[in-house]
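Undergrad: Provided below: model.csv, containing CSV, N, CA and C atoms.
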```
chain,number,residue,atom,x,y,z
M,194,MET,N,-110.1,-17.4,38.5
M,194,MET,CA,-110.8,-18.3,39.5
M,194,MET,C,-110.0,-18.3,40.8
M,195,GLU,N,-108.7,-18.3,40.6
M,195,GLU,CA,-107.8,-18.4,41.8
M,195,GLU,C,-108.0,-17.2,42.7
M,196,GLN,N,-108.1,-16.0,42.1
M,196,GLN,CA,-108.3,-14.8,42.9
M,196,GLN,C,-109.7,-14.8,43.6
M,197,ILE,N,-110.7,-15.3,42.9
M,197,ILE,CA,-112.0,-15.4,43.5
M,197,ILE,C,-112.0,-16.3,44.7
M,198,THR,N,-111.3,-17.4,44.6
M,198,THR,CA,-111.2,-18.4,45.7
M,198,THR,C,-110.4,-17.8,46.9
M,199,LYS,N,-109.4,-17.0,46.6
M,199,LYS,CA,-108.6,-16.4,47.7
M,199,LYS,C,-109.5,-15.4,48.4
M,200,ASN,N,-110.2,-14.6,47.7
M,200,ASN,CA,-111.1,-13.6,48.3
M,200,ASN,C,-112.2,-14.3,49.1
M,201,ALA,N,-112.8,-15.4,48.6
M,201,ALA,CA,-113.8,-16.1,49.3
M,201,ALA,C,-113.3,-16.7,50.6
M,202,ASP,N,-112.0,-17.2,50.5
M,202,ASP,CA,-111.4,-17.7,51.7
M,202,ASP,C,-111.2,-16.6,52.8
M,203,THR,N,-110.8,-15.4,52.4
M,203,THR,CA,-110.8,-14.3,53.3
M,203,THR,C,-112.1,-14.0,53.9
M,204,PHE,N,-113.1,-13.9,53.0
M,204,PHE,CA,-114.5,-13.6,53.5
M,204,PHE,C,-115.0,-14.7,54.5
M,205,LEU,N,-114.7,-16.0,54.2
M,205,LEU,CA,-115.1,-17.0,55.2
M,205,LEU,C,-114.5,-16.7,56.6
M,206,HIS,N,-113.2,-16.3,56.6
M,206,HIS,CA,-112.6,-16.0,57.8
M,206,HIS,C,-113.2,-14.7,58.5
M,207,VAL,N,-113.6,-13.8,57.7
M,207,VAL,CA,-114.3,-12.6,58.2
M,207,VAL,C,-115.6,-13.1,58.9
M,208,LEU,N,-116.3,-14.0,58.3
M,208,LEU,CA,-117.6,-14.5,58.9
M,208,LEU,C,-117.3,-15.3,60.1
M,209,GLU,N,-116.2,-16.0,60.1
M,209,GLU,CA,-115.8,-16.8,61.3
M,209,GLU,C,-115.5,-15.9,62.5
M,210,THR,N,-114.8,-14.8,62.2
M,210,THR,CA,-114.5,-13.8,63.3
M,210,THR,C,-115.7,-13.1,63.7
M,211,ALA,N,-116.6,-12.8,62.8
M,211,ALA,CA,-117.8,-12.1,63.2
M,211,ALA,C,-118.7,-13.0,64.1
M,212,HIS,N,-118.5,-14.3,64.0
M,212,HIS,CA,-119.3,-15.2,64.8
M,212,HIS,C,-118.6,-15.5,66.2
M,213,SER,N,-117.4,-15.1,66.3
M,213,SER,CA,-116.6,-15.5,67.5
M,213,SER,C,-116.5,-14.3,68.5
M,214,SER,N,-115.9,-14.6,69.6
M,214,SER,CA,-115.6,-13.6,70.6
M,214,SER,C,-114.5,-12.6,70.2
M,215,ARG,N,-113.8,-13.0,69.2
M,215,ARG,CA,-112.7,-12.1,68.7
M,215,ARG,C,-113.3,-10.8,68.0
M,216,VAL,N,-114.6,-10.8,67.7
M,216,VAL,CA,-115.2,-9.6,67.2
M,216,VAL,C,-115.2,-8.5,68.2
M,217,SER,N,-115.0,-8.7,69.4
M,217,SER,CA,-115.0,-7.7,70.4
M,217,SER,C,-113.9,-6.7,70.2
M,218,SER,N,-112.9,-7.0,69.5
M,218,SER,CA,-111.8,-6.1,69.3
M,218,SER,C,-112.0,-5.2,68.0
M,219,TRP,N,-113.1,-5.5,67.3
M,219,TRP,CA,-113.3,-4.7,66.1
M,219,TRP,C,-113.6,-3.3,66.3
M,220,GLN,N,-113.0,-2.5,65.5
M,220,GLN,CA,-113.3,-1.0,65.4
M,220,GLN,C,-114.1,-0.7,64.2
M,221,THR,N,-114.4,0.5,63.9
M,221,THR,CA,-115.2,0.9,62.8
M,221,THR,C,-114.5,0.5,61.5
M,222,ALA,N,-113.2,0.6,61.4
M,222,ALA,CA,-112.5,0.2,60.2
M,222,ALA,C,-112.7,-1.3,59.9
M,223,ASN,N,-112.6,-2.1,60.9
M,223,ASN,CA,-112.8,-3.6,60.8
M,223,ASN,C,-114.2,-3.9,60.2
M,224,LEU,N,-115.2,-3.2,60.8
M,224,LEU,CA,-116.6,-3.4,60.4
M,224,LEU,C,-116.8,-3.0,58.9
M,225,ASN,N,-116.2,-1.8,58.6
M,225,ASN,CA,-116.3,-1.3,57.2
M,225,ASN,C,-115.7,-2.3,56.2
M,226,LYS,N,-114.5,-2.9,56.6
M,226,LYS,CA,-113.8,-3.8,55.7
M,226,LYS,C,-114.7,-5.1,55.6
M,227,ALA,N,-115.2,-5.6,56.7
M,227,ALA,CA,-116.1,-6.8,56.6
M,227,ALA,C,-117.3,-6.5,55.7
M,228,LEU,N,-117.9,-5.4,55.8
M,228,LEU,CA,-119.1,-5.0,55.0
M,228,LEU,C,-118.7,-4.9,53.5
M,229,SER,N,-117.5,-4.4,53.3
M,229,SER,CA,-116.9,-4.3,51.9
M,229,SER,C,-116.7,-5.6,51.3
M,230,TRP,N,-116.2,-6.6,52.1
M,230,TRP,CA,-116.1,-7.9,51.6
M,230,TRP,C,-117.4,-8.5,51.2
M,231,ALA,N,-118.4,-8.3,52.0
M,231,ALA,CA,-119.8,-8.8,51.7
M,231,ALA,C,-120.3,-8.1,50.5
M,232,ASP,N,-120.1,-6.8,50.3
M,232,ASP,CA,-120.6,-6.1,49.1
M,232,ASP,C,-119.9,-6.7,47.9
M,233,HIS,N,-118.6,-7.0,48.0
M,233,HIS,CA,-117.8,-7.5,46.9
M,233,HIS,C,-118.4,-8.9,46.5
M,234,HIS,N,-118.7,-9.7,47.4
M,234,HIS,CA,-119.2,-11.0,47.1
M,234,HIS,C,-120.7,-11.0,46.6
M,235,GLN,N,-121.4,-10.0,47.0
M,235,GLN,CA,-122.8,-9.9,46.4
M,235,GLN,C,-122.7,-9.4,45.0
M,236,ARG,N,-121.7,-8.5,44.7
M,236,ARG,CA,-121.5,-8.1,43.3
M,236,ARG,C,-121.0,-9.2,42.4
M,237,LEU,N,-120.2,-10.1,43.0
M,237,LEU,CA,-119.8,-11.3,42.3
M,237,LEU,C,-121.0,-12.2,42.0
M,238,TYR,N,-121.9,-12.3,42.9
M,238,TYR,CA,-123.1,-13.1,42.6
M,238,TYR,C,-123.9,-12.4,41.5
M,239,GLN,N,-124.1,-11.1,41.5
M,239,GLN,CA,-124.8,-10.4,40.5
M,239,GLN,C,-124.1,-10.6,39.1
M,240,SER,N,-122.8,-10.5,39.1
M,240,SER,CA,-122.1,-10.6,37.9
M,240,SER,C,-122.2,-12.0,37.2
M,241,TYR,N,-122.3,-13.0,38.0
M,241,TYR,CA,-122.3,-14.4,37.4
M,241,TYR,C,-123.5,-15.2,37.6
M,242,SER,N,-124.6,-14.6,38.1
M,242,SER,CA,-125.8,-15.4,38.4
M,242,SER,C,-126.5,-15.8,37.1
M,243,GLY,N,-126.3,-15.1,36.0
M,243,GLY,CA,-126.9,-15.5,34.7
M,243,GLY,C,-126.0,-16.3,33.9
M,244,ARG,N,-124.8,-16.7,34.3
M,244,ARG,CA,-123.9,-17.5,33.6
M,244,ARG,C,-123.7,-18.8,34.2
M,245,GLU,N,-124.5,-19.7,33.7
M,245,GLU,CA,-124.7,-21.0,34.4
M,245,GLU,C,-123.4,-21.8,34.6
M,246,LYS,N,-122.6,-21.9,33.5
M,246,LYS,CA,-121.3,-22.6,33.6
M,246,LYS,C,-120.4,-22.1,34.7
M,247,ILE,N,-120.2,-20.8,34.7
M,247,ILE,CA,-119.3,-20.1,35.6
M,247,ILE,C,-119.9,-20.3,37.0
M,248,ARG,N,-121.2,-20.1,37.1
M,248,ARG,CA,-121.9,-20.2,38.4
M,248,ARG,C,-121.7,-21.6,39.0
M,249,ASN,N,-121.8,-22.6,38.2
M,249,ASN,CA,-121.7,-24.0,38.7
M,249,ASN,C,-120.3,-24.3,39.2
M,250,VAL,N,-119.3,-23.8,38.4
M,250,VAL,CA,-117.9,-24.0,38.8
M,250,VAL,C,-117.6,-23.2,40.1
M,251,LEU,N,-118.1,-22.0,40.2
M,251,LEU,CA,-117.9,-21.2,41.4
M,251,LEU,C,-118.6,-21.9,42.6
M,252,ASP,N,-119.7,-22.5,42.4
M,252,ASP,CA,-120.5,-23.1,43.5
M,252,ASP,C,-119.6,-24.3,44.0
M,253,ILE,N,-119.1,-25.1,43.1
M,253,ILE,CA,-118.3,-26.2,43.5
M,253,ILE,C,-117.0,-25.8,44.3
M,254,GLU,N,-116.4,-24.7,43.7
M,254,GLU,CA,-115.1,-24.2,44.4
M,254,GLU,C,-115.4,-23.6,45.8
M,255,LEU,N,-116.5,-22.9,45.9
M,255,LEU,CA,-116.9,-22.3,47.2
M,255,LEU,C,-117.2,-23.4,48.2
M,256,LYS,N,-117.9,-24.4,47.8
M,256,LYS,CA,-118.2,-25.5,48.7
M,256,LYS,C,-117.0,-26.3,49.1
M,257,LYS,N,-116.1,-26.5,48.2
M,257,LYS,CA,-114.8,-27.2,48.5
M,257,LYS,C,-114.0,-26.3,49.6
M,258,LEU,N,-114.0,-25.0,49.3
M,258,LEU,CA,-113.3,-24.1,50.2
M,258,LEU,C,-113.9,-24.2,51.7
M,259,ALA,N,-115.3,-24.1,51.7
M,259,ALA,CA,-115.9,-24.2,53.0
M,259,ALA,C,-115.6,-25.5,53.7
M,260,TYR,N,-115.6,-26.6,53.0
M,260,TYR,CA,-115.3,-27.9,53.5
M,260,TYR,C,-113.8,-28.0,54.0
M,261,ARG,N,-112.9,-27.4,53.3
M,261,ARG,CA,-111.5,-27.4,53.7
M,261,ARG,C,-111.3,-26.6,54.9
M,262,ASN,N,-112.0,-25.5,55.1
M,262,ASN,CA,-111.9,-24.6,56.2
M,262,ASN,C,-112.8,-25.1,57.4
M,263,CYS,N,-113.7,-26.0,57.1
M,263,CYS,CA,-114.7,-26.5,58.1
M,263,CYS,C,-115.5,-25.3,58.6
M,264,ILE,N,-115.9,-24.4,57.7
M,264,ILE,CA,-116.7,-23.2,58.1
M,264,ILE,C,-117.9,-23.2,57.2
M,265,LEU,N,-119.1,-23.1,57.7
M,265,LEU,CA,-120.3,-23.0,56.9
M,265,LEU,C,-120.5,-24.1,55.9
M,266,VAL,N,-120.1,-25.3,56.3
M,266,VAL,CA,-120.0,-26.4,55.3
M,266,VAL,C,-121.2,-26.7,54.5
M,267,ASN,N,-122.4,-26.6,55.1
M,267,ASN,CA,-123.6,-26.9,54.4
M,267,ASN,C,-124.3,-25.7,53.9
M,268,ALA,N,-123.7,-24.5,54.0
M,268,ALA,CA,-124.3,-23.3,53.5
M,268,ALA,C,-123.6,-22.5,52.5
M,269,PHE,N,-122.3,-22.5,52.5
M,269,PHE,CA,-121.4,-21.7,51.7
M,269,PHE,C,-121.4,-22.3,50.3
M,270,GLY,N,-121.8,-21.5,49.3
M,270,GLY,CA,-121.8,-21.8,47.9
M,270,GLY,C,-122.2,-20.6,47.2
M,271,PHE,N,-122.4,-20.7,45.9
M,271,PHE,CA,-122.7,-19.6,45.0
M,271,PHE,C,-124.0,-18.9,45.5
M,272,GLU,N,-125.1,-19.6,45.8
M,272,GLU,CA,-126.3,-19.0,46.2
M,272,GLU,C,-126.2,-18.2,47.6
M,273,PHE,N,-125.3,-18.7,48.4
M,273,PHE,CA,-125.0,-18.0,49.7
M,273,PHE,C,-124.6,-16.5,49.5
M,274,LEU,N,-123.9,-16.3,48.4
M,274,LEU,CA,-123.4,-14.9,48.1
M,274,LEU,C,-124.5,-13.9,47.8
M,275,ARG,N,-125.7,-14.4,47.4
M,275,ARG,CA,-126.8,-13.5,47.1
M,275,ARG,C,-127.1,-12.6,48.3
M,276,ASN,N,-127.2,-13.1,49.5
M,276,ASN,CA,-127.5,-12.4,50.7
M,276,ASN,C,-126.5,-12.4,51.8
M,277,CYS,N,-125.2,-12.5,51.3
M,277,CYS,CA,-124.1,-12.6,52.3
M,277,CYS,C,-124.0,-11.4,53.2
M,278,LYS,N,-124.3,-10.2,52.8
M,278,LYS,CA,-124.2,-9.1,53.6
M,278,LYS,C,-125.3,-9.1,54.7
M,279,ASP,N,-126.5,-9.5,54.4
M,279,ASP,CA,-127.5,-9.7,55.4
M,279,ASP,C,-127.1,-10.8,56.4
M,280,PHE,N,-126.5,-11.8,55.9
M,280,PHE,CA,-126.0,-12.9,56.8
M,280,PHE,C,-125.0,-12.4,57.8
M,281,LEU,N,-124.0,-11.6,57.2
M,281,LEU,CA,-123.0,-11.0,58.1
M,281,LEU,C,-123.6,-10.1,59.2
M,282,ILE,N,-124.5,-9.3,58.8
M,282,ILE,CA,-125.2,-8.4,59.7
M,282,ILE,C,-125.9,-9.2,60.8
M,283,SER,N,-126.6,-10.2,60.4
M,283,SER,CA,-127.4,-11.1,61.3
M,283,SER,C,-126.4,-11.7,62.3
M,284,VAL,N,-125.3,-12.2,61.8
M,284,VAL,CA,-124.3,-12.8,62.7
M,284,VAL,C,-123.8,-11.8,63.7
M,285,LEU,N,-123.4,-10.6,63.2
M,285,LEU,CA,-122.9,-9.6,64.1
M,285,LEU,C,-123.9,-9.2,65.2
M,286,LYS,N,-125.2,-8.9,64.7
M,286,LYS,CA,-126.2,-8.5,65.7
M,286,LYS,C,-126.5,-9.6,66.7
M,287,SER,N,-126.3,-10.8,66.4
M,287,SER,CA,-126.6,-11.9,67.3
M,287,SER,C,-125.4,-12.3,68.2
M,288,ASN,N,-124.3,-11.6,68.0
M,288,ASN,CA,-123.1,-12.0,68.7
M,288,ASN,C,-123.0,-11.0,69.9
M,289,SER,N,-123.1,-11.5,71.1
M,289,SER,CA,-123.0,-10.7,72.3
M,289,SER,C,-121.6,-10.0,72.5
M,290,SER,N,-120.6,-10.5,71.8
M,290,SER,CA,-119.3,-9.9,71.9
M,290,SER,C,-119.1,-8.7,71.0
M,291,PHE,N,-120.0,-8.5,70.1
M,291,PHE,CA,-120.0,-7.4,69.2
M,291,PHE,C,-120.3,-6.1,69.9
M,292,SER,N,-119.6,-5.1,69.6
M,292,SER,CA,-119.8,-3.8,70.3
M,292,SER,C,-121.2,-3.2,70.0
M,293,GLN,N,-121.8,-2.8,71.0
M,293,GLN,CA,-123.2,-2.2,70.9
M,293,GLN,C,-123.1,-0.9,70.1
M,294,ASP,N,-121.9,-0.2,70.3
M,294,ASP,CA,-121.7,1.1,69.6
M,294,ASP,C,-121.7,0.9,68.1
M,295,LEU,N,-121.0,-0.2,67.7
M,295,LEU,CA,-120.9,-0.6,66.3
M,295,LEU,C,-122.2,-1.1,65.8
M,296,SER,N,-122.9,-1.9,66.6
M,296,SER,CA,-124.2,-2.5,66.2
M,296,SER,C,-125.2,-1.4,65.8
M,297,ILE,N,-125.2,-0.3,66.4
M,297,ILE,CA,-126.1,0.8,66.1
M,297,ILE,C,-125.9,1.2,64.6
M,298,CYS,N,-124.7,1.1,64.1
M,298,CYS,CA,-124.3,1.5,62.8
M,298,CYS,C,-124.9,0.6,61.7
M,299,LEU,N,-125.3,-0.6,62.1
M,299,LEU,CA,-125.8,-1.6,61.1
M,299,LEU,C,-127.3,-1.4,60.9
M,300,HIS,N,-127.7,-1.5,59.6
M,300,HIS,CA,-129.1,-1.5,59.3
M,300,HIS,C,-129.7,-2.9,59.6
M,301,GLN,N,-131.0,-2.9,59.7
M,301,GLN,CA,-131.7,-4.2,59.8
M,301,GLN,C,-131.6,-4.9,58.5
M,302,PRO,N,-131.2,-6.2,58.5
M,302,PRO,CA,-131.0,-6.9,57.3
M,302,PRO,C,-132.4,-6.9,56.5
M,303,GLU,N,-132.2,-6.8,55.1
M,303,GLU,CA,-133.4,-6.8,54.3
M,303,GLU,C,-134.0,-8.2,54.3
M,304,THR,N,-133.1,-9.2,54.3
M,304,THR,CA,-133.5,-10.6,54.3
M,304,THR,C,-133.2,-11.2,55.6
M,305,GLN,N,-134.3,-11.8,56.3
M,305,GLN,CA,-134.0,-12.4,57.6
M,305,GLN,C,-133.4,-13.8,57.3
M,306,LEU,N,-132.2,-13.9,57.7
M,306,LEU,CA,-131.5,-15.2,57.6
M,306,LEU,C,-131.2,-15.8,58.9
M,307,GLU,N,-131.1,-17.1,59.0
M,307,GLU,CA,-130.8,-17.7,60.2
M,307,GLU,C,-129.3,-17.7,60.4
M,308,SER,N,-128.9,-16.8,61.3
M,308,SER,CA,-127.4,-16.6,61.5
M,308,SER,C,-126.8,-17.7,62.4
M,309,THR,N,-127.6,-18.6,62.9
M,309,THR,CA,-127.1,-19.7,63.7
M,309,THR,C,-126.8,-20.9,62.9
M,310,GLN,N,-126.8,-20.8,61.5
M,310,GLN,CA,-126.4,-21.9,60.7
M,310,GLN,C,-125.1,-22.5,61.2
M,311,ILE,N,-124.9,-23.8,61.0
M,311,ILE,CA,-123.8,-24.4,61.5
M,311,ILE,C,-122.5,-23.8,60.9
M,312,PHE,N,-121.7,-23.3,61.7
M,312,PHE,CA,-120.4,-22.6,61.3
M,312,PHE,C,-119.3,-23.6,61.2
M,313,TYR,N,-119.3,-24.6,62.0
M,313,TYR,CA,-118.1,-25.5,62.0
M,313,TYR,C,-118.6,-27.0,61.8
M,314,CYS,N,-117.6,-27.8,61.4
M,314,CYS,CA,-117.9,-29.2,61.1
M,314,CYS,C,-118.2,-29.9,62.5
```
Just give me the structure as structure tokens.

TA:
Amino acid sequence: MEQITKNADTFLHVLETAHSSRVSSWQTANLNKALSWADHHQRLYQSYSGREKIRNVLDIELKKLAYRNCILVNAFGFEFLRNCKDFLISVLKSNSSFSQDLSICLHQPETQLESTQIFYC
């Protein structure tokens, strides 16, 4: 559980950076790493979605993590992981600081998510 929480903390900060002007410094390697984190968390969702007890514990831990970091407080939880890659892509595509050259590399999200969800407390 500790490693999952550490990884989720890293992913929250990736999402925060994707939402900020700091994303302007991203290169292809940064984008690929961010997408890999999203893929990792979607696999985590798939692995535990059918295991109610673990899913509930993860949901609580992820919500506590979001609250401590004051990022995605009302959104980040176990269900968020289901479409977190689409959310990341939506955030990047809506961020004017994100490189247009890198934006071309991104597919259109399969799930249309509101990328302007409240990021901060």

Undergrad: Tell me which protein, DNA and RNA residues are within 10 Å of stretch 227-238 of chain M, counting only C-alpha atoms, leaving out same-chain ones fewer than 5 positions away, and put them as a list of chain:residue names.

TA: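 Close residues of stretch 227-238 of chain M: M:Ile197, M:Asn200, M:Ala201, M:Thr203, M:Phe204, M:Leu205, M:His206, M:Val207, M:Leu208, M:Thr210, M:Ala211, M:Thr221, M:Ala222, M:Gly243, M:Arg248, M:Leu251, M:Phe271, M:Glu272, M:Phe273, M:Leu274, M:Arg275, M:Asn276, M:Cys277, M:Lys278, M:Asp279, M:Phe280, M:Leu281, M:Ile282, M:Leu299.
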
Undergrad: How many Å lie between atom C of M:Phe269 and atom N of M:Asp202, rounded to one decimal?

TA: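 Computing it gives 10.7 Å between the two atoms.
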
Undergrad: Could you please determine the separation between atom CA of M:Met194 and atom CA of M:Val284 in Å, to one decimal place?

TA: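 Between these atoms lies a distance of 27.4 Å.
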
Undergrad: How big is the axis-aligned box, and where does its centre sit, when it encloses all atoms of stretch 294-300 of chain M listed in the file and has 4 Å added on every side, reported in Å to one decimal as lines of an AutoDock Vina configuration file?

TA:
```
center_x = -125.3
center_y = -0.7
center_z = 64.8
size_x = 16.8
size_y = 12.4
size_z = 19.0
```

Undergrad: Calculate how many Å separate atom CA of M:Lys256 from atom CA of M:Leu285, rounding to one decimal.

TA: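 Interatomic distance, atom CA of M:Lys256 to atom CA of M:Leu285: 22.6 Å.
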
Undergrad: From a DSSP calculation on the backbone, collect every residue of chain M in alpha helix (DSSP H) and output the set as a count of residues only.

TA: 72
